[in-house]
Each structure stands twice: as structure tokens, then as C-alpha cells.
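Shown here: protein30.tsv, TSV, C-alpha atoms.
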```tsv
chain	number	residue	atom	x	y	z
A	1	MET	CA	18.12	-5.56	-3.50
A	2	PRO	CA	20.30	-4.09	-6.31
A	3	ASP	CA	21.61	-0.55	-5.82
A	4	VAL	CA	21.01	1.60	-8.91
A	5	ARG	CA	23.91	3.96	-9.70
A	6	THR	CA	24.14	3.91	-13.50
A	7	PRO	CA	23.76	7.42	-14.95
A	8	ALA	CA	21.06	7.93	-17.56
A	9	ARG	CA	22.33	8.00	-21.15
A	10	PRO	CA	20.12	9.32	-23.95
A	11	ARG	CA	19.55	7.02	-26.93
A	12	PRO	CA	18.88	8.30	-30.43
A	13	PRO	CA	15.25	8.13	-31.54
A	14	ALA	CA	13.93	5.29	-33.69
A	15	THR	CA	14.81	5.80	-37.34
A	16	GLY	CA	12.46	8.09	-39.21
A	17	GLY	CA	10.52	9.43	-36.22
A	18	PRO	CA	10.63	12.78	-34.50
A	19	GLY	CA	13.46	13.35	-32.04
A	20	ALA	CA	13.20	14.81	-28.55
A	21	ALA	CA	13.81	18.35	-29.85
A	22	ASP	CA	10.96	17.95	-32.38
A	23	LEU	CA	8.60	16.74	-29.65
A	24	LEU	CA	9.61	19.57	-27.33
A	25	ASP	CA	8.99	22.13	-30.07
A	26	PHE	CA	5.57	20.58	-30.75
A	27	VAL	CA	4.45	20.56	-27.09
A	28	ARG	CA	5.60	24.16	-26.58
A	29	ARG	CA	3.79	25.40	-29.69
A	30	THR	CA	0.66	23.45	-28.79
A	31	ALA	CA	0.73	24.72	-25.18
A	32	ALA	CA	0.68	28.26	-26.61
A	33	ASP	CA	-2.55	27.56	-28.56
A	34	ALA	CA	-4.98	29.31	-26.20
A	35	ALA	CA	-8.10	28.19	-28.13
A	36	LEU	CA	-7.07	24.53	-28.00
A	37	VAL	CA	-6.15	24.71	-24.31
A	38	ALA	CA	-9.50	26.39	-23.53
A	39	SER	CA	-11.37	23.61	-25.38
A	40	LEU	CA	-10.32	20.98	-22.82
A	41	PRO	CA	-13.17	20.23	-20.42
A	42	LEU	CA	-11.90	20.42	-16.83
A	43	ASP	CA	-13.22	18.15	-14.08
A	44	PRO	CA	-12.67	19.09	-10.42
A	45	GLU	CA	-12.45	15.39	-9.47
A	46	GLY	CA	-10.02	13.89	-11.96
A	47	ARG	CA	-7.72	14.41	-14.89
A	48	THR	CA	-9.22	14.97	-18.34
A	49	TRP	CA	-7.56	14.59	-21.72
A	50	ILE	CA	-7.87	14.95	-25.46
A	51	ARG	CA	-5.74	12.94	-27.88
A	52	LEU	CA	-3.91	15.09	-30.42
A	53	ASP	CA	-2.12	14.41	-33.70
A	54	GLY	CA	1.58	14.60	-32.88
A	55	PRO	CA	4.37	15.15	-35.39
A	56	GLY	CA	5.73	12.28	-37.47
A	57	GLY	CA	3.48	9.54	-36.08
A	58	SER	CA	3.99	10.47	-32.44
A	59	GLU	CA	1.29	10.16	-29.79
A	60	ALA	CA	0.20	13.42	-28.13
A	61	TRP	CA	-2.21	14.46	-25.40
A	62	LEU	CA	-3.67	17.63	-23.92
A	63	ILE	CA	-4.19	16.88	-20.20
A	64	GLY	CA	-6.09	18.76	-17.48
A	65	TRP	CA	-4.90	18.39	-13.88
A	66	PRO	CA	-7.23	19.33	-11.00
A	67	PRO	CA	-5.56	20.68	-7.86
A	68	GLY	CA	-3.79	17.96	-5.89
A	69	THR	CA	-3.61	15.34	-8.67
A	70	GLY	CA	-0.66	13.49	-10.14
A	71	THR	CA	0.45	10.50	-12.16
A	72	GLY	CA	2.39	8.47	-9.62
A	73	TRP	CA	5.81	7.11	-10.55
A	74	HIS	CA	5.96	5.65	-14.08
A	75	ASP	CA	8.02	5.24	-17.23
A	76	HIS	CA	7.04	5.35	-20.90
A	77	GLY	CA	7.85	1.82	-22.06
A	78	GLY	CA	10.98	2.82	-24.00
A	79	SER	CA	9.46	5.80	-25.82
A	80	HIS	CA	11.11	9.20	-25.62
A	81	GLY	CA	8.96	12.26	-25.13
A	82	ALA	CA	8.37	15.82	-24.06
A	83	PHE	CA	5.79	17.80	-22.14
A	84	ALA	CA	5.04	21.46	-21.49
A	85	ALA	CA	2.74	23.32	-19.13
A	86	ALA	CA	0.08	25.39	-20.87
A	87	THR	CA	-1.66	26.85	-17.79
A	88	GLY	CA	-1.01	26.51	-14.08
A	89	GLU	CA	2.14	24.93	-12.72
A	90	LEU	CA	3.26	21.29	-12.64
A	91	THR	CA	5.98	19.73	-10.55
A	92	GLU	CA	8.03	16.92	-12.04
A	93	GLN	CA	9.94	14.59	-9.74
A	94	SER	CA	12.31	12.33	-11.65
A	95	LEU	CA	15.17	9.89	-11.21
A	96	ALA	CA	18.57	10.74	-12.69
A	97	THR	CA	19.47	7.12	-13.29
A	98	GLN	CA	18.73	4.42	-15.82
A	99	LEU	CA	16.75	1.51	-14.40
A	100	PRO	CA	16.93	-2.00	-15.79
A	101	THR	CA	13.80	-2.66	-17.85
A	102	GLU	CA	13.44	-6.37	-17.05
A	103	GLY	CA	14.05	-8.87	-14.29
A	104	TRP	CA	13.34	-6.92	-11.13
A	105	LYS	CA	10.47	-6.07	-8.81
A	106	THR	CA	12.27	-4.02	-6.13
A	107	LEU	CA	15.29	-1.70	-6.35
A	108	GLU	CA	17.07	0.40	-3.77
A	109	LEU	CA	17.94	3.77	-5.29
A	110	ALA	CA	21.30	5.38	-4.58
A	111	ASP	CA	21.54	8.75	-2.85
A	112	GLY	CA	21.47	11.77	-5.14
A	113	VAL	CA	19.27	10.39	-7.95
A	114	ASP	CA	16.23	12.55	-7.17
A	115	ARG	CA	15.49	15.62	-9.30
A	116	GLU	CA	12.62	18.09	-9.09
A	117	ARG	CA	11.58	20.90	-11.43
A	118	LYS	CA	8.62	23.24	-11.77
A	119	LEU	CA	7.04	23.83	-15.18
A	120	ALA	CA	4.68	26.73	-15.91
A	121	ASP	CA	3.77	29.16	-18.68
A	122	GLY	CA	4.84	27.14	-21.73
A	123	ARG	CA	7.96	25.80	-20.09
A	124	GLY	CA	8.67	22.22	-21.04
A	125	ARG	CA	11.21	19.44	-21.10
A	126	ALA	CA	12.19	16.52	-23.24
A	127	PHE	CA	13.26	13.12	-21.95
A	128	GLY	CA	14.80	9.89	-23.18
A	129	PRO	CA	13.45	6.35	-23.39
A	130	HIS	CA	14.53	5.38	-19.85
A	131	HIS	CA	12.95	8.33	-18.03
A	132	VAL	CA	11.13	7.54	-14.76
A	133	HIS	CA	9.11	10.33	-13.15
A	134	GLN	CA	5.90	11.51	-11.61
A	135	VAL	CA	4.06	14.70	-12.54
A	136	LEU	CA	2.01	16.57	-9.93
A	137	ASN	CA	-0.26	19.58	-9.68
A	138	ILE	CA	0.49	20.52	-6.08
A	139	SER	CA	-1.71	23.63	-6.18
A	140	GLU	CA	-4.55	23.64	-3.68
A	141	ASP	CA	-6.88	25.69	-5.90
A	142	THR	CA	-5.72	25.98	-9.52
A	143	HIS	CA	-6.13	23.58	-12.44
A	144	ALA	CA	-3.11	23.00	-14.66
A	145	VAL	CA	-3.15	22.00	-18.33
A	146	SER	CA	-0.23	20.44	-20.18
A	147	VAL	CA	0.69	18.94	-23.54
A	148	HIS	CA	2.58	15.61	-23.82
A	149	ALA	CA	4.05	13.82	-26.87
A	150	TYR	CA	5.77	10.41	-27.19
A	151	TYR	CA	7.59	8.57	-29.94
A	152	PRO	CA	7.14	5.85	-30.73
A	153	PRO	CA	3.54	5.86	-29.44
A	154	LEU	CA	3.47	4.36	-25.95
A	155	PRO	CA	3.73	0.55	-26.14
A	156	LEU	CA	3.26	0.32	-22.37
A	157	MET	CA	3.80	2.15	-19.10
A	158	ARG	CA	5.35	0.64	-16.01
A	159	ARG	CA	3.86	1.94	-12.75
A	160	TYR	CA	5.97	2.08	-9.61
A	161	SER	CA	5.46	2.72	-5.91
A	162	ARG	CA	8.14	4.36	-3.84
A	163	THR	CA	8.95	4.33	-0.13
A	164	GLY	CA	12.10	6.31	0.62
A	165	PRO	CA	14.87	4.84	-1.55
A	166	VAL	CA	12.89	1.69	-2.39
A	167	LEU	CA	11.20	1.60	-5.80
A	168	ARG	CA	8.81	-1.27	-6.56
A	169	LEU	CA	7.38	-2.26	-9.93
A	170	GLU	CA	3.63	-2.49	-9.31
A	171	GLU	CA	2.06	-3.05	-12.72
A	172	VAL	CA	2.53	-2.83	-16.46
A	173	GLU	CA	-0.23	-1.04	-18.38
A	174	ARG	CA	-0.79	-1.42	-22.11
A	175	PRO	CA	-2.73	0.90	-24.46
A	176	GLU	CA	-5.78	-1.38	-24.42
A	177	ASP	CA	-6.00	-0.71	-20.64
A	178	TRP	CA	-6.43	3.05	-21.24
A	179	SER	CA	-9.68	3.07	-23.20
```
Could you render the structure as C-alpha cells?
Amino acid sequence: MPDVRTPARPRPPATGGPGAADLLDFVRRTAADAALVASLPLDPEGRTWIRLDGPGGSEAWLIGWPPGTGTGWHDHGGSHGAFAAATGELTEQSLATQLPTEGWKTLELADGVDRERKLADGRGRAFGPHHVHQVLNISEDTHAVSVHAYYPPLPLMRRYSRTGPVLRLEEVERPEDWS
């Protein structure tokens, strides 16, 4: 099993599209739109979402997170992005390393690659095209709502499972799988 130690290096955005700072500004401003956030129907059983018009051809989403829900480990298929919490609090667990995008099914992660941050009250973060993370609402009783934007629009998402330091590629989802 390869040992992943390569530090993540940001790449510039695709020519002509919004950069990470533009996406972060958009998700923060949108998260502050109380009327839009309140328009999202919340379901106690599962996540809900509304597709939004993002800046410069980006893909954007307003997402509701019931207590105890999360995404599981995933990447964004080479797109860079940003997200911000509008209400409630989200926990992001991420890997501070760049994974190879092809040719592997199982990797053993090096010590020290795990990162965790809490996002609440309009706080957000931007990330590069190699970002691998999971987002969780660990609250036992409070919904969270967040805004996410990606450029270019997501061509795919790779889903991973994780046991200790072992990360396994489980599936590749494409946009047609999300309808």
C-alpha cells in the first residue's frame, strides 16, 4: 500500500472562471441572506438542497443538514470550491495531503495529515482541486444550513471509506447519478 506524504499544493483556477477567493466571497454573502436560508425546506431524516446560480459559471448549492448527518469522505473531481455555514455548526475533517487521482484503490495515510475545523455563523473556507474531506453536523438536536460553490461545476465526486490510516476508493459518482 503506498504511503501518502506529498503536501497539498494549490493550483490556479481554470482560465476565465472564478477563483477560490471569489467562491468564498459568494458563499459567505449567500450564507448571510436570511430570507434565502429560511426558504430551504428542512427534513429531519435527510439532507435537503436547492441549486443556486454561482458566480462565473460555477455550481452552487444551499444544503440543509439534520442533526447527526454528514457527507462521508469525498473529493470534488478536480474542481476547487468553498463553503460557509449559514446556521448551526458544521465540522469539517480533511486531509492535508494531495492524493493521486488515478491508479489506486487503497492508500495508507501518513501520520499528521488529519485536520479538523468547526464552521458556524457565516464562517467559511475555500479549497483547491485536490481537497479530500467529510462534512458533518455533529449536533444532536440542531439543523445546520450551508452554502457550497464549485468551479468548474463538479464533473464527478470520488467517495472513500476510511478505517484508521487506510483510505479506500469506494465509488465514483457523476452528475447524472445525483438527479
**Complete:** Between A:Asp114, A:Ser146, A:Gln134, A:Gly64, smallest distance to His76 (chain A) by all atoms listed in the file belongs to A:Gln134
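Interatomic distance, CA of Gly19 (chain A) against CA of Ser39 (chain A): 27.7 Å.
If you look at CA of Glu140 (chain A) and CA of Arg123 (chain A), they are 20.7 Å away from each other.
The smallest atom-to-atom distance between His131 (chain A) and any of A:Pro175, A:Gly103, A:Gly78, A:Pro152, using only C-alpha atoms, is found for A:Gly78.
The space between CA of Pro100 (chain A) and CA of Ala84 (chain A) spans 26.9 Å.
Across A:Gly57, A:Gly128, A:Pro67, A:Pro155, the tightest approach to Ala20 (chain A) is made by A:Gly128 when counting all atoms listed in the file.
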**Request:** Please return, as a ChimeraX atom specification, all polymer residues that have at least one atom within 8 Å of the point (-8.3, 17.3, -9.8); use only C-alpha atoms and the file's own coordinate frame.
**Result:** /A:43-47,65-69,143
**Request:** Give me the residues within 7 Å of Thr71 (chain A) as a list in words, counting all atoms listed in the file and dropping any in the same chain fewer than 2 places off.
**Result:** Trp73, Gln134, Val135 and Leu136 of chain A
Now that the selection is made, can you save its residues with C-alpha atoms as a PDB file, keeping the file's coordinate frame?
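Contents of selection_6.pdb, freshly written:
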```pdb
ATOM      1  CA  TRP A  73       5.810   7.110 -10.550  1.00  0.00           C
ATOM      2  CA  GLN A 134       5.900  11.510 -11.610  1.00  0.00           C
ATOM      3  CA  VAL A 135       4.060  14.700 -12.540  1.00  0.00           C
ATOM      4  CA  LEU A 136       2.010  16.570  -9.930  1.00  0.00           C
TER       5      LEU A 136
END
```
**Request:** Give me the residues within 6 Å of Glu89 (chain A) as a list of chain:residue names, counting all atoms listed in the file and dropping any in the same chain fewer than 6 places off.
**Result:** A:Leu119, A:Ala120, A:Ala144
**Asked** Quick one: residues within 8 Å of Arg159 (chain A), all atoms listed in the file counted, chain neighbours fewer than 5 positions away excluded, as a PyMOL selection string?
**Response** chain A and resi 72-75+169-173
**Prompt:** Between A:Thr48, A:Ser161, A:Thr91, A:Ser58, which one has atoms that come closest to Leu23 (chain A), using all atoms listed in the file?
**Reply:** A:Ser58
**Prompt:** Could you name the residues that touch Val27 (chain A) at 7 Å or less, counting all atoms listed in the file, but leaving out those on the same chain fewer than 2 positions away, as number ranges by chain?
**Reply:** A: 23-25, 29-31, 82-84, 147-149
Residues near His130 (chain A), anyone? I mean within 8 Å using all atoms listed in the file, not counting same-chain ones fewer than 6 positions away, as a PDB file with C-alpha atoms, in the frame of the given file.
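The resulting file, out-v4.pdb, is reproduced below:
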```
ATOM      1  CA  ALA A   8      21.060   7.930 -17.560  1.00  0.00           C
ATOM      2  CA  PRO A  10      20.120   9.320 -23.950  1.00  0.00           C
ATOM      3  CA  ASP A  75       8.020   5.240 -17.230  1.00  0.00           C
ATOM      4  CA  HIS A  76       7.040   5.350 -20.900  1.00  0.00           C
ATOM      5  CA  GLY A  77       7.850   1.820 -22.060  1.00  0.00           C
ATOM      6  CA  GLY A  78      10.980   2.820 -24.000  1.00  0.00           C
ATOM      7  CA  SER A  79       9.460   5.800 -25.820  1.00  0.00           C
ATOM      8  CA  HIS A  80      11.110   9.200 -25.620  1.00  0.00           C
ATOM      9  CA  GLN A  98      18.730   4.420 -15.820  1.00  0.00           C
ATOM     10  CA  LEU A  99      16.750   1.510 -14.400  1.00  0.00           C
TER      11      LEU A  99
END
```
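The closest residue to Asn137 (chain A), picked from A:Asp53, A:Ala86, A:Arg117, A:Gly70 and counting only C-alpha atoms, is A:Gly70.
Counting all atoms listed in the file and comparing A:Ile63, A:Met157, A:Ala85, A:Ala35, the residue that lies closest to Thr101 (chain A) is A:Met157.
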